[in-house]
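S.K.: The structure's right below; bear with me while I get my questions together.
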Amino acid sequence: MSTISEPPRTTFHPAMLINDTRYRGLTFQFVALVLIIVFMAFLGMNLVNNLALAGLNISFDFLGEPANYDINQALIPYSSRSTHLRAAIVGLLNTLLVAFMACITATIIGVFAGVLRLSKNWLVRKLMSVYVEAFRNVPVLIWILMIGTIVQQGPSPRVYLGEDPERGLFLGLFAFTNRGITAPAPVFGPGSLWVVLALVTGIVGAILWRRHVRKTLYASGRLLPNWPIFLILLLPPVIVFLLLGRPIGVDMPDVLANRFNIQGGIELQRPLIALWLALSVYTGAFIAENVRAGILSVSRGQTEAAASLGFRPNRIMNLVILPQALRVIIPPLISQYLNITKNSSLAIAVGYADITATLGGITLNQTGRAIESILLLMLFYLVVSLLISAVMNIYNSSVALKER
Amino acid sequence: MKKTVLIGALTAGGLAAGMASAASLSDVQSRGTLNCGVSTGLVGFSAPDANGNWQGFDVALCRAVAAAVLGDPNAVEFVPTTGKTRFTSLASGEIDLLARNTTWTFSRDTDLGFEFTGINYYDGQGFMVPTNLGVTSALDLDGATVCVQTGTTTELNLADFFRANNISYEPVPVETNAEGQQQYLAGACDAYTTDASGLAATRAAFENPGDHVILPEIISKEPLGPLVTEGDSDASQWGDIVRWTLNALIAAEELGINSTNVADMASSAGDNPEVNRLLGTEGNLGEMIGLSNDWAVQAISAGGNYGELFERNIGENTPIGLARGLNALWTDGGLLYTPPFR
């Protein structure tokens with residue numbers, strides 16, 4: 001006797017794929033997946049067909065051929081006889097250089113502006129609001145062009161040139177012209193490696209001294225003086241430098257070498273300065289908002305508690321608020337760093353030779369290998385962005401709330 | 001099953017739609033306008049005037065082709081292109097014809113899949129410097145900063161020239177002639193280099209042209225001409241039309257046909273059989289390239305023969321002031337020489 005009937009065992013039939021709620025979701029996902037695959041295949045086939053129609057093929061052989069063009073800023077040896085691959089690497093290093101410099105300055109500007117936007121001083125607060133709103137709401141390309149024009153307003157390098165120049169070098173060391181800033185450059189002779197090693201030793205020693213100071217402070221409450229740190233830092237490299245007979249020399253800017261430009265020394269060129277400043281102030285405005293949001297996310301009770309313990313306002317900010325705010329600040333900061341790297345591709349607007357200008361610009365144009373160049377360019381930006389994210393994520397997990 | 005067919009049809013339809021095709025006569029005729037790629041602004045060659053109408057030597061060629069094909073010299077859509085974008089625009093079919101002082105080179109003709117349809121200006125690369133710099137030769141430019149348009153043959157010649165003469169320079173890449181002019185005047189570079197004709201045109205647009213001098217050295221051969229995409233037989237017919245329109249303008253000068261007497265000469269067959277064939281009063285040359293028999297009459301009436309276009313846009317009486325030089329007819333000691341019309 002079985003009054004309790006078993007659930008009806010229905011056999012599976014195709015209509016259930018639509019009618020039965022258990023399967024409907026899966027059906028739609030499957031259909032969507034198929035559609036996406038078909039669309040991608042269509043795009044790929046379209047590319048292959050059109051290439052065949054135009055009689056073109058995909059080949060990366062051009063990377064090994066001489067580039068035949070010159071680049072105004074190369075961090076590694078480069079001449080017009082170098083290959084297209086080397087030109088791409090020169091561009092890549094230039095991209096990384098400007099992105100790295102801009103990330104650092106944008107962070108500094110952003111933190112200051114973000115903190116000051118919460119200042120009790122009305123004028124400072126409003127000034128920072130104006131900065132943030134003005135820079136966030138105007139396209140970065142316009143800022144790059146504008147700062148490029150401002151940087152161009154200096155005197156021509158010719159005013160510094162010759163036996164009897166119109167203007168002497170600033171402090172006898174620096175020249176500020178409409179083409180950039182020239183400064184003395186270090187020249188590393190044989191034996192300079194030992195000096196560098198001695199400097200590293202000095203830095204390690206200085207860190208150990210700081211630790212020792214902190215340890216004695218916590219252990220005995222006795223505050224040791226801070227000045228020995230400078231001795232520990234500077235004495236070893238200076239002694240080695242003098243002992244080895246000054247292996248590191250200085251290459252001074254030479255105003256007599258020719259009549260067009262200052263030769264010698266190291267030059268921070270106008271395109272780099274313009275792009276660096278523009279990316280810094282533009283992204284700094286976004287970072288300022290991230291910082292402000294982070295600070296506001298820390299409850300007011302924390303400030304009051306710290307104040308009641310007798311902390312001064314700047315100590316409250318540095319020791320109590322900012323460490324907690326970092327948890328909120330870091331994730332959006334990662335995307336701002338990615339934005340800087342990607343926005344640096346606008347470099348050609350001021351004539352800076354980044355990878356978009358070399359590989360994606362001149363090389364693409366001279367060889368006609370558009371698809372290959374753009375694919376390489378995409379691959380490069382993807383890899384760099386993922387690397388930045390990875391590094392920043394590691395840092396983020398180190399400041400994140402430790403949950404056990 | 002039905003779905004598979006639908007997806008198949010969609011794919012096929014999408015594929016057909018996505019194909020970039022080379023320009024052809026029927027495309028241009030059914031559209032009713034010619035899409036002509038020109039520079040972003042080089043006075044004398046292609047630049048909009050105060051009323052926004054494109055004027056210049058390259059523009060005149062576009063108008064002549066439009067007149068030959070469509071019977072209307074104003075049925076042209078001008079597409080400004082930079083040194084970097086011009087080839088992509090042409091290859092993608094966005095423009096039917098590129099008339100943008102583009103140098104005819106081996107790899108552009110073969111590897112990039114384009115077809116140069118003649119030379120409308122024999123040029124060479126030169127340098128311009130401020131007079132007060134005291135430079136009299138390009139060889140004095142050791143250590144100078146030079147503005148150069150990126151993505152051009154100029155950029156490569158520049159590197160070769162300085163390398164061959166074992167002197168150094170610092171390039172400042174710019175995207176357009178206007179940007180180059182601005183950078184040069186702002187003193188961001190000591191010298192500006194581009195084709196000598198372009199330098200003359202740029203200098204003419206300066207407030208004080210006398211403060212700048214074009215150096216005597218011409219460091220390269222720059223045969224400038226119109227180009228189209230290479231492709232099937234339709235595309236090669238289109239290439240023929242552009243080639244022979246340019247040839248017709250040059251032949252017209254040689255045969256003494258100009259914008260004032262062309263209507264008269266075309267009204268009835270005259271004594272010179274070549275003139276008759278060119279103007280369509282004898283034979284069927286127009287038919288052979290898929291056009292009406294008065295195609296050359298239309299092209300010449302659009303702005304005149306080669307000589308008239310030269311004098312009006314870039315000749316010695318214009319601010320640009322270029323002499324005919326290499327661009328004179330072969331009968332006058334120049335290089336212009338058209339194959340016979342027969």
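Order determines the names: the first chain of the structure tokens is A, the second B, and so forth; residues in each chain are numbered 1 upward, and ligands are numbered 1 upward as they are shown.
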Please report, as CSV, each residue of chain B lying at most 6 Å from chain A, together with the nearest pair of atoms and the separation in Å rounded to one decimal; use only C-alpha atoms, and order rows by chain and ascending residue number.

M.R.:
```
residue,atom,partner,partner_atom,distance
B:Leu15,CA,A:Asn46,CA,5.8
B:Met19,CA,A:Asn50,CA,6.0
B:Ala144,CA,A:Phe260,CA,5.2
B:Gly151,CA,A:Ile362,CA,5.0
B:Leu156,CA,A:Tyr69,CA,5.3
B:Ala159,CA,A:Tyr69,CA,5.6
B:Glu170,CA,A:Asn72,CA,5.7
B:Pro171,CA,A:Asn72,CA,5.5
B:Pro173,CA,A:Gly351,CA,5.2
B:Ala188,CA,A:Arg179,CA,5.9
```

S.K.: Keeping only N, CA, C and O atoms, write the selected residues to a file as an mmCIF file, in the first residue's frame.

M.R.:
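Once everything was written out, this is part_22.cif:
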```
data_model
loop_
_atom_site.group_PDB
_atom_site.id
_atom_site.type_symbol
_atom_site.label_atom_id
_atom_site.label_comp_id
_atom_site.auth_asym_id
_atom_site.auth_seq_id
_atom_site.Cartn_x
_atom_site.Cartn_y
_atom_site.Cartn_z
ATOM 1 N N LEU B 15 30.014 39.460 -43.372
ATOM 2 C CA LEU B 15 31.306 39.392 -44.041
ATOM 3 C C LEU B 15 31.325 40.293 -45.250
ATOM 4 O O LEU B 15 32.252 41.063 -45.454
ATOM 5 N N MET B 19 33.716 43.971 -45.777
ATOM 6 C CA MET B 19 34.860 43.976 -46.670
ATOM 7 C C MET B 19 35.222 45.385 -47.106
ATOM 8 O O MET B 19 34.381 46.142 -47.564
ATOM 9 N N ALA B 144 72.208 70.684 -34.428
ATOM 10 C CA ALA B 144 70.968 71.462 -34.416
ATOM 11 C C ALA B 144 69.769 70.600 -34.060
ATOM 12 O O ALA B 144 69.806 69.371 -34.148
ATOM 13 N N GLY B 151 56.220 60.057 -39.838
ATOM 14 C CA GLY B 151 55.531 59.162 -40.767
ATOM 15 C C GLY B 151 55.732 59.536 -42.223
ATOM 16 O O GLY B 151 54.958 59.143 -43.074
ATOM 17 N N LEU B 156 62.997 59.820 -42.843
ATOM 18 C CA LEU B 156 64.039 58.843 -43.171
ATOM 19 C C LEU B 156 65.217 59.509 -43.884
ATOM 20 O O LEU B 156 66.371 59.226 -43.588
ATOM 21 N N ALA B 159 67.452 61.343 -41.390
ATOM 22 C CA ALA B 159 68.372 60.454 -40.669
ATOM 23 C C ALA B 159 69.522 60.053 -41.585
ATOM 24 O O ALA B 159 70.692 60.071 -41.179
ATOM 25 N N GLU B 170 69.090 66.630 -33.460
ATOM 26 C CA GLU B 170 68.086 66.210 -32.489
ATOM 27 C C GLU B 170 66.729 66.353 -33.181
ATOM 28 O O GLU B 170 66.359 67.463 -33.556
ATOM 29 N N PRO B 171 65.993 65.260 -33.422
ATOM 30 C CA PRO B 171 64.709 65.426 -34.119
ATOM 31 C C PRO B 171 63.596 65.847 -33.159
ATOM 32 O O PRO B 171 63.575 65.441 -31.998
ATOM 33 N N PRO B 173 59.665 65.409 -33.482
ATOM 34 C CA PRO B 173 58.614 64.923 -34.365
ATOM 35 C C PRO B 173 57.339 65.749 -34.221
ATOM 36 O O PRO B 173 56.923 66.070 -33.114
ATOM 37 N N ALA B 188 61.297 75.942 -30.869
ATOM 38 C CA ALA B 188 61.534 74.603 -30.332
ATOM 39 C C ALA B 188 62.527 73.854 -31.198
ATOM 40 O O ALA B 188 63.096 72.853 -30.773
#
```

S.K.: Report, in Å with one decimal, the straight-line distance from CA of Val132 (chain A) to CA of Val151 (chain A).

M.R.: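 CA of Val151 (chain A) lies at a distance of 21.5 Å from CA of Val132 (chain A).
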
S.K.: Using DSSP secondary structure from the backbone, list all strand (DSSP E) positions within region 35-244 of chain A, as a ChimeraX atom specification.

M.R.: /A:175-177,180-183,185-188

S.K.: Applying 7 Å and only C-alpha atoms, which residues near Gly264 (chain A) remain after dropping the ones on its own chain fewer than 3 positions away? List them as a ChimeraX atom specification.

M.R.: /A:251-254

S.K.: Show which residues sit within 7 Å of region 182-193 of chain A, as a list in words. Count only C-alpha atoms, and ignore same-chain residues fewer than 6 positions away.

M.R.: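 That gives Leu173, Phe174, Ala175, Phe176, Pro247, Ile248, Gly249, Val250, Asp251, Met252, Pro253, Gly265, Ile266, Glu267 and Leu268 of chain A.
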
S.K.: Go ahead and write the residues just picked, N, CA and C atoms, as an mmCIF file, in the first residue's frame.

M.R.:
```cif
data_model
loop_
_atom_site.group_PDB
_atom_site.id
_atom_site.type_symbol
_atom_site.label_atom_id
_atom_site.label_comp_id
_atom_site.auth_asym_id
_atom_site.auth_seq_id
_atom_site.Cartn_x
_atom_site.Cartn_y
_atom_site.Cartn_z
ATOM 1 N N LEU A 173 75.557 75.741 -13.225
ATOM 2 C CA LEU A 173 75.277 74.313 -13.411
ATOM 3 C C LEU A 173 74.095 74.054 -14.335
ATOM 4 N N PHE A 174 73.025 74.866 -14.202
ATOM 5 C CA PHE A 174 71.776 74.520 -14.882
ATOM 6 C C PHE A 174 71.420 75.538 -15.964
ATOM 7 N N ALA A 175 70.767 75.039 -17.026
ATOM 8 C CA ALA A 175 70.239 75.925 -18.054
ATOM 9 C C ALA A 175 68.764 75.595 -18.245
ATOM 10 N N PHE A 176 67.928 76.620 -18.225
ATOM 11 C CA PHE A 176 66.492 76.402 -18.454
ATOM 12 C C PHE A 176 66.145 77.033 -19.799
ATOM 13 N N PRO A 247 86.578 58.180 -8.594
ATOM 14 C CA PRO A 247 86.212 57.492 -9.842
ATOM 15 C C PRO A 247 84.980 58.088 -10.527
ATOM 16 N N ILE A 248 84.116 58.781 -9.778
ATOM 17 C CA ILE A 248 82.923 59.339 -10.410
ATOM 18 C C ILE A 248 83.157 60.808 -10.714
ATOM 19 N N GLY A 249 83.126 61.154 -11.999
ATOM 20 C CA GLY A 249 83.341 62.538 -12.393
ATOM 21 C C GLY A 249 82.031 63.214 -12.734
ATOM 22 N N VAL A 250 82.111 64.463 -13.185
ATOM 23 C CA VAL A 250 80.917 65.211 -13.554
ATOM 24 C C VAL A 250 81.092 65.720 -14.976
ATOM 25 N N ASP A 251 80.041 65.518 -15.810
ATOM 26 C CA ASP A 251 80.049 66.034 -17.170
ATOM 27 C C ASP A 251 79.253 67.326 -17.158
ATOM 28 N N MET A 252 79.970 68.451 -17.269
ATOM 29 C CA MET A 252 79.302 69.748 -17.172
ATOM 30 C C MET A 252 78.659 70.140 -18.501
ATOM 31 N N PRO A 253 77.545 70.902 -18.466
ATOM 32 C CA PRO A 253 76.973 71.410 -19.707
ATOM 33 C C PRO A 253 78.009 72.260 -20.428
ATOM 34 N N GLY A 265 76.440 67.174 -20.285
ATOM 35 C CA GLY A 265 75.485 67.170 -19.180
ATOM 36 C C GLY A 265 74.326 66.251 -19.477
ATOM 37 N N ILE A 266 73.273 66.360 -18.686
ATOM 38 C CA ILE A 266 72.098 65.539 -18.928
ATOM 39 C C ILE A 266 70.939 66.491 -19.163
ATOM 40 N N GLU A 267 70.118 66.166 -20.165
ATOM 41 C CA GLU A 267 69.035 67.073 -20.499
ATOM 42 C C GLU A 267 67.685 66.420 -20.223
ATOM 43 N N LEU A 268 66.866 67.136 -19.459
ATOM 44 C CA LEU A 268 65.481 66.724 -19.265
ATOM 45 C C LEU A 268 64.713 67.470 -20.350
#
```

S.K.: Let me make sure I understand: among B:Asn35, B:Ser137, B:Asn51, B:Thr117, which one has the smallest atom-to-atom distance to Trp104 (chain B) if we use only C-alpha atoms?

M.R.: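 Nearest to Trp104 (chain B): B:Thr117.
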
S.K.: Just want the 9 Å neighbourhood of Leu34 (chain B), counted on only C-alpha atoms, with same-chain residues fewer than 3 positions away dropped. Output as a PyMOL selection string.

M.R.: chain B and resi 28-29+31+62-63+65-66+69-70+75-78+95-97

S.K.: Restrict the selected residues to N, CA, C and O atoms and save them as a PDB file, in the first residue's frame.

M.R.:
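The result, written out as part07.pdb:
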```
ATOM      1  N   VAL B  28      32.087  55.505 -57.490  1.00  0.00           N
ATOM      2  CA  VAL B  28      32.117  56.972 -57.489  1.00  0.00           C
ATOM      3  C   VAL B  28      30.884  57.511 -58.204  1.00  0.00           C
ATOM      4  O   VAL B  28      30.236  58.450 -57.736  1.00  0.00           O
ATOM      5  N   GLN B  29      30.541  56.883 -59.345  1.00  0.00           N
ATOM      6  CA  GLN B  29      29.399  57.387 -60.112  1.00  0.00           C
ATOM      7  C   GLN B  29      28.093  57.191 -59.356  1.00  0.00           C
ATOM      8  O   GLN B  29      27.236  58.071 -59.348  1.00  0.00           O
ATOM      9  N   ARG B  31      27.747  57.072 -56.157  1.00  0.00           N
ATOM     10  CA  ARG B  31      27.746  57.967 -55.002  1.00  0.00           C
ATOM     11  C   ARG B  31      27.513  59.414 -55.434  1.00  0.00           C
ATOM     12  O   ARG B  31      26.939  60.210 -54.700  1.00  0.00           O
ATOM     13  N   CYS B  62      42.064  66.878 -57.843  1.00  0.00           N
ATOM     14  CA  CYS B  62      40.832  66.208 -57.399  1.00  0.00           C
ATOM     15  C   CYS B  62      39.652  66.721 -58.216  1.00  0.00           C
ATOM     16  O   CYS B  62      38.797  65.951 -58.666  1.00  0.00           O
ATOM     17  N   ARG B  63      39.614  68.049 -58.404  1.00  0.00           N
ATOM     18  CA  ARG B  63      38.486  68.649 -59.120  1.00  0.00           C
ATOM     19  C   ARG B  63      38.482  68.207 -60.583  1.00  0.00           C
ATOM     20  O   ARG B  63      37.430  67.964 -61.167  1.00  0.00           O
ATOM     21  N   VAL B  65      39.621  65.362 -61.766  1.00  0.00           N
ATOM     22  CA  VAL B  65      39.155  63.974 -61.829  1.00  0.00           C
ATOM     23  C   VAL B  65      37.634  63.939 -61.651  1.00  0.00           C
ATOM     24  O   VAL B  65      36.926  63.228 -62.382  1.00  0.00           O
ATOM     25  N   ALA B  66      37.122  64.732 -60.704  1.00  0.00           N
ATOM     26  CA  ALA B  66      35.673  64.762 -60.481  1.00  0.00           C
ATOM     27  C   ALA B  66      34.955  65.254 -61.734  1.00  0.00           C
ATOM     28  O   ALA B  66      33.899  64.720 -62.116  1.00  0.00           O
ATOM     29  N   VAL B  69      34.977  62.465 -64.385  1.00  0.00           N
ATOM     30  CA  VAL B  69      34.150  61.304 -64.063  1.00  0.00           C
ATOM     31  C   VAL B  69      32.684  61.686 -63.909  1.00  0.00           C
ATOM     32  O   VAL B  69      31.792  60.979 -64.390  1.00  0.00           O
ATOM     33  N   LEU B  70      32.430  62.807 -63.227  1.00  0.00           N
ATOM     34  CA  LEU B  70      31.053  63.155 -62.868  1.00  0.00           C
ATOM     35  C   LEU B  70      30.554  64.384 -63.616  1.00  0.00           C
ATOM     36  O   LEU B  70      29.388  64.749 -63.509  1.00  0.00           O
ATOM     37  N   ALA B  75      31.893  68.320 -57.335  1.00  0.00           N
ATOM     38  CA  ALA B  75      31.347  67.116 -56.699  1.00  0.00           C
ATOM     39  C   ALA B  75      32.460  66.358 -55.990  1.00  0.00           C
ATOM     40  O   ALA B  75      32.677  65.178 -56.225  1.00  0.00           O
ATOM     41  N   VAL B  76      33.198  67.072 -55.126  1.00  0.00           N
ATOM     42  CA  VAL B  76      34.312  66.449 -54.409  1.00  0.00           C
ATOM     43  C   VAL B  76      34.105  66.617 -52.915  1.00  0.00           C
ATOM     44  O   VAL B  76      33.759  67.707 -52.447  1.00  0.00           O
ATOM     45  N   GLU B  77      34.301  65.533 -52.188  1.00  0.00           N
ATOM     46  CA  GLU B  77      34.287  65.575 -50.723  1.00  0.00           C
ATOM     47  C   GLU B  77      35.754  65.520 -50.310  1.00  0.00           C
ATOM     48  O   GLU B  77      36.414  64.512 -50.531  1.00  0.00           O
ATOM     49  N   PHE B  78      36.283  66.624 -49.735  1.00  0.00           N
ATOM     50  CA  PHE B  78      37.701  66.619 -49.367  1.00  0.00           C
ATOM     51  C   PHE B  78      37.873  66.047 -47.967  1.00  0.00           C
ATOM     52  O   PHE B  78      37.180  66.443 -47.035  1.00  0.00           O
ATOM     53  N   ILE B  95      38.687  57.019 -48.816  1.00  0.00           N
ATOM     54  CA  ILE B  95      38.886  57.965 -49.922  1.00  0.00           C
ATOM     55  C   ILE B  95      39.147  57.175 -51.201  1.00  0.00           C
ATOM     56  O   ILE B  95      39.675  56.065 -51.152  1.00  0.00           O
ATOM     57  N   ASP B  96      38.745  57.749 -52.342  1.00  0.00           N
ATOM     58  CA  ASP B  96      38.941  57.084 -53.629  1.00  0.00           C
ATOM     59  C   ASP B  96      40.308  57.393 -54.195  1.00  0.00           C
ATOM     60  O   ASP B  96      40.834  56.661 -55.025  1.00  0.00           O
ATOM     61  N   LEU B  97      40.858  58.524 -53.765  1.00  0.00           N
ATOM     62  CA  LEU B  97      42.057  59.044 -54.391  1.00  0.00           C
ATOM     63  C   LEU B  97      42.795  59.860 -53.340  1.00  0.00           C
ATOM     64  O   LEU B  97      42.180  60.599 -52.583  1.00  0.00           O
TER      65      LEU B  97
END
```

S.K.: Going by DSSP on the backbone, which residues of region 78-253 of chain B come out as helix (DSSP H, G or I)? List them as a PyMOL selection string.

M.R.: chain B and resi 86-91+106-110+131-133+138-140+153-164+177-185+196-204+209-211+233-253

S.K.: Go through region 245-292 of chain B and flag each residue having an atom no more than 12 Å from region 214-231 of chain B; for those, report the closest pair of atoms plus their distance in Å to one decimal, using only C-alpha atoms, ordered by chain and rising number, as CSV.

M.R.:
```
residue,atom,partner,partner_atom,distance
B:Thr245,CA,B:Pro226,CA,10.9
B:Leu246,CA,B:Pro226,CA,9.0
B:Asn247,CA,B:Gly225,CA,11.8
```

S.K.: Mind dumping the selected residues with all heavy atoms as a PDB file, in the first residue's frame?

M.R.:
```pdb
ATOM      1  N   THR B 245      43.796  61.419 -66.529  1.00  0.00           N
ATOM      2  CA  THR B 245      43.303  62.771 -66.284  1.00  0.00           C
ATOM      3  C   THR B 245      44.482  63.706 -66.053  1.00  0.00           C
ATOM      4  O   THR B 245      44.552  64.800 -66.618  1.00  0.00           O
ATOM      5  CB  THR B 245      42.370  62.794 -65.066  1.00  0.00           C
ATOM      6  OG1 THR B 245      41.325  61.856 -65.276  1.00  0.00           O
ATOM      7  CG2 THR B 245      41.776  64.170 -64.840  1.00  0.00           C
ATOM      8  N   LEU B 246      45.449  63.234 -65.231  1.00  0.00           N
ATOM      9  CA  LEU B 246      46.655  64.037 -65.012  1.00  0.00           C
ATOM     10  C   LEU B 246      47.404  64.229 -66.327  1.00  0.00           C
ATOM     11  O   LEU B 246      47.827  65.338 -66.659  1.00  0.00           O
ATOM     12  CB  LEU B 246      47.539  63.340 -63.962  1.00  0.00           C
ATOM     13  CG  LEU B 246      48.916  63.960 -63.718  1.00  0.00           C
ATOM     14  CD1 LEU B 246      48.792  65.390 -63.253  1.00  0.00           C
ATOM     15  CD2 LEU B 246      49.695  63.155 -62.685  1.00  0.00           C
ATOM     16  N   ASN B 247      47.537  63.128 -67.105  1.00  0.00           N
ATOM     17  CA  ASN B 247      48.231  63.230 -68.394  1.00  0.00           C
ATOM     18  C   ASN B 247      47.516  64.199 -69.322  1.00  0.00           C
ATOM     19  O   ASN B 247      48.155  64.936 -70.080  1.00  0.00           O
ATOM     20  CB  ASN B 247      48.319  61.855 -69.064  1.00  0.00           C
ATOM     21  CG  ASN B 247      49.418  61.009 -68.420  1.00  0.00           C
ATOM     22  OD1 ASN B 247      50.301  61.541 -67.760  1.00  0.00           O
ATOM     23  ND2 ASN B 247      49.350  59.712 -68.599  1.00  0.00           N
TER      24      ASN B 247
END
```

S.K.: Neighbours of Asp354 (chain A) within 9 Å (only C-alpha atoms; same-chain residues fewer than 5 positions away dropped), as a count of residues only?

M.R.: 15
